[in-house]
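Colleague: Please find one structure pasted underneath; my questions will follow.
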Amino acid sequence: MKKFLALTVVLTLCGFFAPVTNAAMRYATIGTGGVTGVYYPTGGAISKMVNKKRSEYNLRVTVESTGGSVFNVNAIMAGDLEFGVIQSDRQYQAYNGKADWDGKPQTKLRAVFSIHPESVTIVAADESGIKTVDDMKGKIINIGNPGSGQRGNAMDLFAAAGIDVEKDITAEGLKAAESAGMLQDGRIDAFFYTVGHPNGSVKEAVAGARKVRFVEVPAKYVDALTSKFSYYAPSSIPVSMYKGVANEGDAATFGVKATFCTSSDVAEDIVYAVVKEVFDNFDAFKKLHPAYQVLTKESMLQGLSAPMHPGALKYYKEAGLMK
Ligand code: GLU
């Protein structure tokens with residue numbers, strides 16, 4: 001017996017009896033967007049916070065560059081991704097069975113928190129003569145790849161402005177990461193990108209030889225869109241963030257919010273761990289991207305339309321952020 005005890009002590013000291021911390025590591029992947037957007041570094045920022053404690057949580061978070069919001073919703077629902085960054089309008093549409101999910105509500109979609117505001121950003125070559133949305137007829141416009149969030153925003157804006165996408169413009173479906181290069185190469189006149197500011201994609205477009213400008217969305221269209229769809233809000237693009245852009249003042253447009261979502265199939269303690277690390281280290285998190293400057297803990301609980309995941313709810317109640 002004594003010998004057995006001694007052996008047990010030795011083996012335990014050597015880590016032979018695997019303590020909980022040695023249980024199989026769990027992996028969770030965050031779907032983001034193109035590498036030059038804000039979603040990709042956002043996935044990086046969140047994973048960085050959680051991975052500091054990976055042995056404590058037995059959880060390793062990884063990040064994947066994807067086609068954007070619509071792709072992320074579908075991949076989370078298919079169980080291919082545990083988390084995704086998704087535009088607030090897309091979260092609403094998916095959960096309620098609208099737009100890309102017409103008649104097919106994604107009832108397992110769960111909200112975790114909101115992140116930065118995103119503006120429907122239209123970047124045009126200055127020489128194309130596009131100053132406002134009304135100047136877009138007859139032009140080659142990248143409305144975004146089918147998995148992206150911006151594609152639906154472009155369609156909504158065209159509908160509000162009475163522009164027929166089939167007849168009035170030549171629509172391209174390129175990924176956001178390709179847009180700046182295509183604009184600089186003269187292959188497109190303008191591109192849509194629903195994105196936080198500043199971001200690498202717009203910086204790349206502005207830094208090229210071809211002068212660029214942010215296209216204004218007239219107030220009458222912003223009013224029409226915000227009164228028809230509750231998830232849209234007036235917004236503007238701060239030109240001070242992009243040296244060399246042709247606009248003299250901030251460009252008026254409309255926008256949404258980036259949100260962090262998951263599925264009801266993802267374990268409560270995994271979602272809890274992610275929320276806890278972001279919120280407990282909120283000041284450190286905010287420093288990870290300039291688009292987070294405006295964030296408050298309270299603002300991160302607004303703009304969500306799918307039910308809150310129980311793991312997130314548990315944290316918000318503990319932290320006194322929700323009743
Ligand atoms: N809002 C874009 C989308 O849903 C992505 C923006 C970004 O990557 O920052 O596709």
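Residue numbers start at 1 in each chain; chains themselves are named A, B, ... in the order of the structure tokens; ligands are numbered from 1 in the order shown.
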Which residues are near ligand 1 in this structure, taking near to mean any atom at most 7 Å from a ligand atom and counting only C-alpha atoms and all ligand atoms? Format them as a ChimeraX atom specification.

Modeller: /A:32-34,37-40,67-70,86-87,118,147-150,193-196,258

Colleague: Which residues in region 222-292 of chain A does DSSP call alpha helix (DSSP H)? List them as JSON, numbers by chain.

Modeller: {"A": [222, 223, 224, 225, 226, 227, 228, 268, 269, 270, 271, 272, 273, 274, 275, 276, 277, 278, 279, 280, 282, 283, 284, 285, 286]}

Colleague: As number ranges by chain, list the residues of region 195-256 of chain A assigned to strand (DSSP E) by DSSP on the backbone atoms of this structure.

Modeller: A: 195, 212-214, 233-237, 251-256

Colleague: Need to verify the contact set: Gly208 (chain A), 10 Å, only C-alpha atoms, exclusion of same-chain residues closer than 4 positions in sequence. Can you return it as a VMD selection string?

Modeller: chain A and resid 180 to 181 183 to 185 203 to 204 212 244

Colleague: Excluding same-chain residues fewer than 4 positions from Ala273 (chain A), what lies within 8 Å of it counting only C-alpha atoms, as a VMD selection string?

Modeller: chain A and resid 50 57 269 277

Colleague: Check which residues of region 90-192 of chain A sit at most 9 Å from region 309-316 of chain A using only C-alpha atoms, and return one row each with the closest pair of atoms and their distance in Å to one decimal, ordered by chain and rising number, as a tab-separated table.

Modeller:
residue	atom	partner	partner_atom	distance
A:Leu109	CA	A:His309	CA	8.7
A:Arg110	CA	A:His309	CA	5.2
A:Ala111	CA	A:His309	CA	5.9
A:Val112	CA	A:Ala312	CA	5.8
A:Phe113	CA	A:Ala312	CA	8.0

Colleague: Between A:Val217, A:Ala233, A:Ala94, A:Ile163, which one has atoms that come closest to Gly303 (chain A), using only C-alpha atoms?

Modeller: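 Between A:Val217, A:Ala233, A:Ala94, A:Ile163, the residue approaching Gly303 (chain A) most closely is A:Ala233.
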
Colleague: Taking only C-alpha atoms into account, which of A:Ser47, A:Ser236, A:Ser128, A:Asn96 comes nearest Lys108 (chain A)?

Modeller: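 Of A:Ser47, A:Ser236, A:Ser128, A:Asn96, the one nearest Lys108 (chain A) is A:Asn96, counting only C-alpha atoms.
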
Colleague: Mind checking which residues fall within 9 Å of Leu225 (chain A), counting only C-alpha atoms, ignoring those fewer than 6 positions away in the same chain, and posting them as a ChimeraX atom specification?

Modeller: /A:156-157,160,232-233,254

Colleague: Under the rule that only C-alpha atoms are counted, which of A:Pro307, A:Gly97, A:Asp89, A:Glu166 is the nearest residue to Ser263 (chain A)?

Modeller: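 The answer is A:Pro307, which sits nearest to Ser263 (chain A).
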
Colleague: Nearest to Pro146 (chain A) among A:Thr66, A:Val202, A:Ala159, A:Thr170, with distances taken over only C-alpha atoms: which residue is it?

Modeller: A:Thr66

Colleague: I'd like the neighbourhood of Thr262 (chain A) as number ranges by chain, where a residue qualifies if any of its atoms comes within 12 Å (using only C-alpha atoms), though same-chain residues fewer than 3 positions away should be ignored.

Modeller: A: 28-31, 72-86, 91, 95, 106-113, 259, 265-268, 270-272, 274-275, 306-312

Colleague: Write out as a PDB file with C-alpha atoms, in the first residue's frame each polymer residue whose atoms come within 8 Å of Lys131 (chain A), counting only C-alpha atoms; drop sequence neighbours fewer than 4 positions from it.

Modeller:
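Below is the file out.pdb, written as the result:
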ATOM      1  CA  ASP A 135     -24.301  59.337 -60.743  1.00  0.00           C
ATOM      2  CA  ARG A 213     -13.671  59.660 -53.536  1.00  0.00           C
ATOM      3  CA  PHE A 214     -16.366  58.443 -51.148  1.00  0.00           C
ATOM      4  CA  VAL A 215     -19.754  58.527 -52.871  1.00  0.00           C
ATOM      5  CA  GLU A 216     -22.409  60.506 -50.976  1.00  0.00           C
TER       6      GLU A 216
END

Colleague: Return the single residue from A:Thr42, A:Ser235, A:Ser227, A:Asn142 that is closest to Val120 (chain A), with distances computed using only C-alpha atoms.

Modeller: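 With only C-alpha atoms as the atom set, the closest residue is A:Ser235.
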